[in-house]
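Read through the structure below, which is laid out as structure tokens, and then see the notes.
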Amino acid sequence: MLSGGRGWGQRRIPGFNLTHFLQQSCNLFIIYRMIDRFKEVLKSSGNSVTAPRQAIFALLMQEGPLTAAQIASKCAPTVDRATAYRTIELFERLGIVNRIWHGFKSSLELSEIFTPHHHHATCEHCGTHLDITSPELERALAGVAKQHKFLAISHTLELTGYCGACQIRQS
Ligand SMILES: [Zn+2]
Ligand SMILES: [Zn+2]
């Protein structure tokens, strides 16, 4: 790793990567902003910031979308089942989470208060959720609504099918 002729300025600290460090700091900043917003939503609606609520929010921040059953099992035993389900219900009511339907099943993820607007493609085989963002799609949907003189305030659009990896595995 050490090569001669390098000044102090260029000397690398082993295991330190500036890009990675900046990326991490940036992510941390985003995380703190999300947590602040979460606390604001709870407080402004007269709900307190409890440990189970924070735990479920943190889980969804790291691994959304998850089904209610997955949330309950991942938070156990710190958060009991009944509290987990009540918290999910509260989060839905307050618009903290969105429910994404894929067939008869549904999963939850943080709403657009926290993450930018996007759609999903869910793999029927492995269950992977891909986030899809498409300005063209948004423009097309707005155009369709306008054609029908419809004032759209929200929309959901979910794709189901097979992800790239599963297509390769099955062929
Ligand atoms: Zn798959
Ligand atoms: Zn959209």
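Chains: A, B, ... in order of the structure tokens. Residues: from 1 per chain. Ligands: from 1, in order shown.
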
**Prompt:** If you count only C-alpha atoms and all ligand atoms, which residues end up within 9 Å of ligand 1, as a list in words?
**Reply:**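 Every residue with an atom at most 9 Å from ligand 1 is listed here: Thr122, Cys123, Glu124, His125, Cys126, Gly127, Thr128, His129, Gly161, Tyr162, Cys163, Gly164, Ala165, Cys166 and Gln167 of chain A.
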
Counting only C-alpha atoms and all ligand atoms, name the residues that have an atom within 9 Å of an atom of ligand 2; the answer should be given as a PDB file with N, CA and C atoms, in the first residue's frame.
```pdb
ATOM      1  N   HIS A 117     -41.364  10.453  -3.711  1.00  0.00           N
ATOM      2  CA  HIS A 117     -42.407   9.699  -4.406  1.00  0.00           C
ATOM      3  C   HIS A 117     -41.797   8.642  -5.341  1.00  0.00           C
ATOM      4  N   HIS A 118     -42.281   7.426  -5.252  1.00  0.00           N
ATOM      5  CA  HIS A 118     -41.796   6.363  -6.133  1.00  0.00           C
ATOM      6  C   HIS A 118     -42.822   5.243  -6.240  1.00  0.00           C
ATOM      7  N   HIS A 119     -42.583   4.332  -7.117  1.00  0.00           N
ATOM      8  CA  HIS A 119     -43.450   3.161  -7.302  1.00  0.00           C
ATOM      9  C   HIS A 119     -42.624   1.913  -7.038  1.00  0.00           C
ATOM     10  N   ILE A 132     -39.117   2.284  -8.129  1.00  0.00           N
ATOM     11  CA  ILE A 132     -39.113   2.828  -9.485  1.00  0.00           C
ATOM     12  C   ILE A 132     -39.455   4.312  -9.441  1.00  0.00           C
ATOM     13  N   THR A 133     -38.595   5.136 -10.026  1.00  0.00           N
ATOM     14  CA  THR A 133     -38.923   6.550 -10.174  1.00  0.00           C
ATOM     15  C   THR A 133     -38.874   6.857 -11.660  1.00  0.00           C
ATOM     16  N   SER A 134     -39.877   7.563 -12.143  1.00  0.00           N
ATOM     17  CA  SER A 134     -39.922   7.885 -13.566  1.00  0.00           C
ATOM     18  C   SER A 134     -40.686   9.174 -13.807  1.00  0.00           C
ATOM     19  N   PRO A 135     -39.953  10.255 -14.114  1.00  0.00           N
ATOM     20  CA  PRO A 135     -40.620  11.525 -14.410  1.00  0.00           C
ATOM     21  C   PRO A 135     -41.587  11.387 -15.584  1.00  0.00           C
ATOM     22  N   LEU A 137     -43.363   8.784 -16.424  1.00  0.00           N
ATOM     23  CA  LEU A 137     -44.578   8.136 -15.925  1.00  0.00           C
ATOM     24  C   LEU A 137     -45.455   9.163 -15.193  1.00  0.00           C
ATOM     25  N   GLU A 138     -44.831   9.987 -14.347  1.00  0.00           N
ATOM     26  CA  GLU A 138     -45.575  10.997 -13.584  1.00  0.00           C
ATOM     27  C   GLU A 138     -46.273  11.961 -14.537  1.00  0.00           C
ATOM     28  N   ARG A 139     -45.527  12.386 -15.586  1.00  0.00           N
ATOM     29  CA  ARG A 139     -46.095  13.318 -16.570  1.00  0.00           C
ATOM     30  C   ARG A 139     -47.258  12.667 -17.298  1.00  0.00           C
ATOM     31  N   LEU A 141     -49.234  10.234 -16.256  1.00  0.00           N
ATOM     32  CA  LEU A 141     -50.388  10.091 -15.364  1.00  0.00           C
ATOM     33  C   LEU A 141     -51.111  11.436 -15.192  1.00  0.00           C
ATOM     34  N   SER A 154     -53.537  11.857  -5.559  1.00  0.00           N
ATOM     35  CA  SER A 154     -52.497  10.853  -5.335  1.00  0.00           C
ATOM     36  C   SER A 154     -52.711   9.702  -6.305  1.00  0.00           C
ATOM     37  N   HIS A 155     -51.725   8.839  -6.400  1.00  0.00           N
ATOM     38  CA  HIS A 155     -51.893   7.641  -7.217  1.00  0.00           C
ATOM     39  C   HIS A 155     -50.983   6.533  -6.703  1.00  0.00           C
ATOM     40  N   THR A 156     -51.367   5.306  -6.960  1.00  0.00           N
ATOM     41  CA  THR A 156     -50.497   4.177  -6.650  1.00  0.00           C
ATOM     42  C   THR A 156     -50.375   3.353  -7.923  1.00  0.00           C
ATOM     43  N   LEU A 157     -49.212   2.831  -8.152  1.00  0.00           N
ATOM     44  CA  LEU A 157     -48.988   2.006  -9.325  1.00  0.00           C
ATOM     45  C   LEU A 157     -47.922   0.986  -8.960  1.00  0.00           C
TER      46      LEU A 157
END
```

**Request:** Would you mind listing what lies within 9 Å of His102 in chain A as a ChimeraX atom specification, with only C-alpha atoms counted and same-chain residues fewer than 5 positions away left out?
**Result:** /A:107,122,158-160

Residues as selected, C-alpha atoms, written as an mmCIF file, in the first residue's frame, can you do that?
```
data_model
loop_
_atom_site.group_PDB
_atom_site.id
_atom_site.type_symbol
_atom_site.label_atom_id
_atom_site.label_comp_id
_atom_site.auth_asym_id
_atom_site.auth_seq_id
_atom_site.Cartn_x
_atom_site.Cartn_y
_atom_site.Cartn_z
ATOM 1 C CA SER A 107 -46.605 -4.289 3.064
ATOM 2 C CA THR A 122 -42.359 -6.694 -6.688
ATOM 3 C CA GLU A 158 -47.383 -1.321 -8.482
ATOM 4 C CA LEU A 159 -45.801 -3.759 -10.879
ATOM 5 C CA THR A 160 -45.644 -7.479 -10.180
#
```

Cut-off 10 Å: closest range 106-138 of chain A/range 55-62 of chain A atom pairs per residue, using only C-alpha atoms, as a Markdown table:
```
| residue | atom | partner | partner_atom | distance |
| --- | --- | --- | --- | --- |
| A:Leu108 | CA | A:Leu60 | CA | 8.1 |
| A:Glu109 | CA | A:Leu60 | CA | 6.2 |
| A:Leu110 | CA | A:Leu60 | CA | 6.5 |
| A:Phe114 | CA | A:Met61 | CA | 9.0 |
| A:Thr115 | CA | A:Met61 | CA | 9.4 |
```

**Request:** Pick out the closest residue to Ala68 in chain A from this set: A:Ala51, A:Ala84, A:Leu28, A:Leu94. Count only C-alpha atoms.
**Result:**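 Checking each of A:Ala51, A:Ala84, A:Leu28, A:Leu94 against Ala68 in chain A, counting only C-alpha atoms, the winner is A:Ala84.
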
**Which of chain A fall in alpha helix (DSSP H), as an NGL selection string** = :A and (18-44 or 51-63 or 68-75 or 81-93 or 135-147 or 164-170)

Residues from the last selection, C-alpha atoms, saved as a JSON list (two decimals), in the first residue's frame:
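This went into part23.json:
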```
[["chain", "number", "residue", "atom", "x", "y", "z"],
["A", 18, "LEU", "CA", -13.05, 9.94, 1.88],
["A", 19, "THR", "CA", -15.91, 9.30, -0.55],
["A", 20, "HIS", "CA", -17.29, 6.62, 1.73],
["A", 21, "PHE", "CA", -16.90, 8.90, 4.76],
["A", 22, "LEU", "CA", -18.76, 11.77, 3.05],
["A", 23, "GLN", "CA", -21.46, 9.38, 1.89],
["A", 24, "GLN", "CA", -21.89, 8.11, 5.45],
["A", 25, "SER", "CA", -22.06, 11.64, 6.92],
["A", 26, "CYS", "CA", -24.59, 12.63, 4.29],
["A", 27, "ASN", "CA", -26.73, 9.56, 5.05],
["A", 28, "LEU", "CA", -26.50, 10.34, 8.75],
["A", 29, "PHE", "CA", -27.74, 13.88, 8.11],
["A", 30, "ILE", "CA", -30.71, 12.51, 6.14],
["A", 31, "ILE", "CA", -31.45, 10.02, 8.94],
["A", 32, "TYR", "CA", -31.46, 12.76, 11.60],
["A", 33, "ARG", "CA", -33.79, 14.88, 9.47],
["A", 34, "MET", "CA", -36.16, 11.91, 9.05],
["A", 35, "ILE", "CA", -36.19, 11.28, 12.81],
["A", 36, "ASP", "CA", -36.91, 14.97, 13.51],
["A", 37, "ARG", "CA", -39.79, 14.92, 11.05],
["A", 38, "PHE", "CA", -41.14, 11.71, 12.61],
["A", 39, "LYS", "CA", -41.12, 13.26, 16.10],
["A", 40, "GLU", "CA", -42.83, 16.38, 14.73],
["A", 41, "VAL", "CA", -45.65, 14.33, 13.15],
["A", 42, "LEU", "CA", -46.24, 12.47, 16.44],
["A", 43, "LYS", "CA", -46.11, 15.56, 18.65],
["A", 44, "SER", "CA", -48.26, 17.74, 16.38],
["A", 51, "ALA", "CA", -39.66, 3.54, 22.53],
["A", 52, "PRO", "CA", -41.81, 1.06, 20.51],
["A", 53, "ARG", "CA", -42.81, 3.82, 18.05],
["A", 54, "GLN", "CA", -39.17, 4.78, 17.59],
["A", 55, "ALA", "CA", -38.13, 1.14, 17.17],
["A", 56, "ILE", "CA", -40.69, 0.49, 14.43],
["A", 57, "PHE", "CA", -39.85, 3.73, 12.66],
["A", 58, "ALA", "CA", -36.12, 2.87, 12.76],
["A", 59, "LEU", "CA", -36.86, -0.61, 11.39],
["A", 60, "LEU", "CA", -38.85, 0.81, 8.47],
["A", 61, "MET", "CA", -36.11, 3.35, 7.82],
["A", 62, "GLN", "CA", -33.57, 0.53, 7.46],
["A", 63, "GLU", "CA", -35.67, -2.17, 5.82],
["A", 68, "ALA", "CA", -47.15, -6.11, 9.44],
["A", 69, "ALA", "CA", -46.23, -9.66, 10.49],
["A", 70, "GLN", "CA", -42.58, -9.07, 9.56],
["A", 71, "ILE", "CA", -42.51, -5.83, 11.55],
["A", 72, "ALA", "CA", -44.04, -7.56, 14.58],
["A", 73, "SER", "CA", -41.58, -10.46, 14.45],
["A", 74, "LYS", "CA", -38.49, -8.30, 13.80],
["A", 75, "CYS", "CA", -39.32, -6.02, 16.75],
["A", 81, "ARG", "CA", -47.16, -8.08, 19.13],
["A", 82, "ALA", "CA", -50.25, -6.09, 20.14],
["A", 83, "THR", "CA", -48.22, -2.88, 20.52],
["A", 84, "ALA", "CA", -46.56, -3.46, 17.14],
["A", 85, "TYR", "CA", -49.94, -3.80, 15.40],
["A", 86, "ARG", "CA", -51.39, -0.79, 17.24],
["A", 87, "THR", "CA", -48.34, 1.27, 16.28],
["A", 88, "ILE", "CA", -48.67, 0.30, 12.60],
["A", 89, "GLU", "CA", -52.34, 1.33, 12.74],
["A", 90, "LEU", "CA", -51.39, 4.69, 14.29],
["A", 91, "PHE", "CA", -48.63, 5.24, 11.69],
["A", 92, "GLU", "CA", -51.12, 4.56, 8.89],
["A", 93, "ARG", "CA", -53.66, 6.95, 10.39],
["A", 135, "PRO", "CA", -40.62, 11.53, -14.41],
["A", 136, "GLU", "CA", -42.08, 10.34, -17.76],
["A", 137, "LEU", "CA", -44.58, 8.14, -15.93],
["A", 138, "GLU", "CA", -45.57, 11.00, -13.58],
["A", 139, "ARG", "CA", -46.10, 13.32, -16.57],
["A", 140, "ALA", "CA", -48.13, 10.67, -18.40],
["A", 141, "LEU", "CA", -50.39, 10.09, -15.36],
["A", 142, "ALA", "CA", -50.92, 13.84, -14.91],
["A", 143, "GLY", "CA", -51.79, 14.06, -18.63],
["A", 144, "VAL", "CA", -54.33, 11.24, -18.40],
["A", 145, "ALA", "CA", -56.01, 12.86, -15.38],
["A", 146, "LYS", "CA", -56.17, 16.19, -17.21],
["A", 147, "GLN", "CA", -57.75, 14.55, -20.29],
["A", 164, "GLY", "CA", -33.78, -10.05, -13.41],
["A", 165, "ALA", "CA", -32.07, -12.58, -11.12],
["A", 166, "CYS", "CA", -35.17, -14.82, -10.94],
["A", 167, "GLN", "CA", -35.62, -14.71, -14.71],
["A", 168, "ILE", "CA", -32.05, -15.99, -15.15],
["A", 169, "ARG", "CA", -32.53, -18.68, -12.49],
["A", 170, "GLN", "CA", -35.73, -19.96, -14.12]]
```

**Prompt:** Looking at only C-alpha atoms, which of A:Ala152, A:Ile96, A:Val79, A:Leu66 is the one that sits closest to Ser111 in chain A?
**Reply:**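 Smallest distance to Ser111 in chain A is found for A:Ile96.
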
**Pairwise distance for CA of Asp80 in chain A and CA of Ser45 in chain A, rounded to one decimal in Å** =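 Computed distance, CA of Asp80 in chain A to CA of Ser45 in chain A, equals 23.5 Å.
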
**Request:** Grab the CA of His120 in chain A to CA of Ile100 in chain A distance for me, in Å with one decimal place.
**Result:**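 Computing the Euclidean distance for CA of His120 in chain A and CA of Ile100 in chain A yields 8.5 Å.
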
Identify all residues of chain A in strand (DSSP E or B) (DSSP on the backbone) and supply them as a PDB file with C-alpha atoms, in the first residue's frame.
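Result went into part10.pdb, see below:
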```
ATOM      1  CA  LEU A  66     -42.218  -4.942   5.332  1.00  0.00           C
ATOM      2  CA  VAL A  97     -46.496   4.860   6.508  1.00  0.00           C
ATOM      3  CA  ASN A  98     -48.070   3.879   3.216  1.00  0.00           C
ATOM      4  CA  ARG A  99     -49.580   0.480   2.561  1.00  0.00           C
ATOM      5  CA  ILE A 100     -48.453  -1.042  -0.728  1.00  0.00           C
ATOM      6  CA  TRP A 101     -50.744  -3.685  -2.172  1.00  0.00           C
ATOM      7  CA  HIS A 102     -49.379  -6.541  -4.234  1.00  0.00           C
ATOM      8  CA  LYS A 105     -50.829  -9.148   0.374  1.00  0.00           C
ATOM      9  CA  SER A 106     -49.730  -5.749   1.573  1.00  0.00           C
ATOM     10  CA  SER A 107     -46.605  -4.289   3.064  1.00  0.00           C
ATOM     11  CA  LEU A 108     -45.755  -1.013   4.719  1.00  0.00           C
ATOM     12  CA  GLU A 109     -43.105   1.562   4.063  1.00  0.00           C
ATOM     13  CA  LEU A 110     -42.408   5.116   5.174  1.00  0.00           C
ATOM     14  CA  HIS A 119     -43.450   3.161  -7.302  1.00  0.00           C
ATOM     15  CA  HIS A 120     -42.570  -0.484  -6.809  1.00  0.00           C
ATOM     16  CA  ALA A 121     -41.953  -3.586  -8.839  1.00  0.00           C
ATOM     17  CA  THR A 122     -42.359  -6.694  -6.688  1.00  0.00           C
ATOM     18  CA  CYS A 123     -40.885 -10.045  -7.689  1.00  0.00           C
ATOM     19  CA  HIS A 129     -39.201  -4.809  -4.054  1.00  0.00           C
ATOM     20  CA  LEU A 130     -37.562  -2.513  -6.571  1.00  0.00           C
ATOM     21  CA  ASP A 131     -38.157   1.215  -6.216  1.00  0.00           C
ATOM     22  CA  ILE A 132     -39.113   2.828  -9.485  1.00  0.00           C
ATOM     23  CA  GLU A 158     -47.383  -1.321  -8.482  1.00  0.00           C
ATOM     24  CA  LEU A 159     -45.801  -3.759 -10.879  1.00  0.00           C
ATOM     25  CA  THR A 160     -45.644  -7.479 -10.180  1.00  0.00           C
ATOM     26  CA  GLY A 161     -43.551  -9.944 -12.130  1.00  0.00           C
TER      27      GLY A 161
END
```
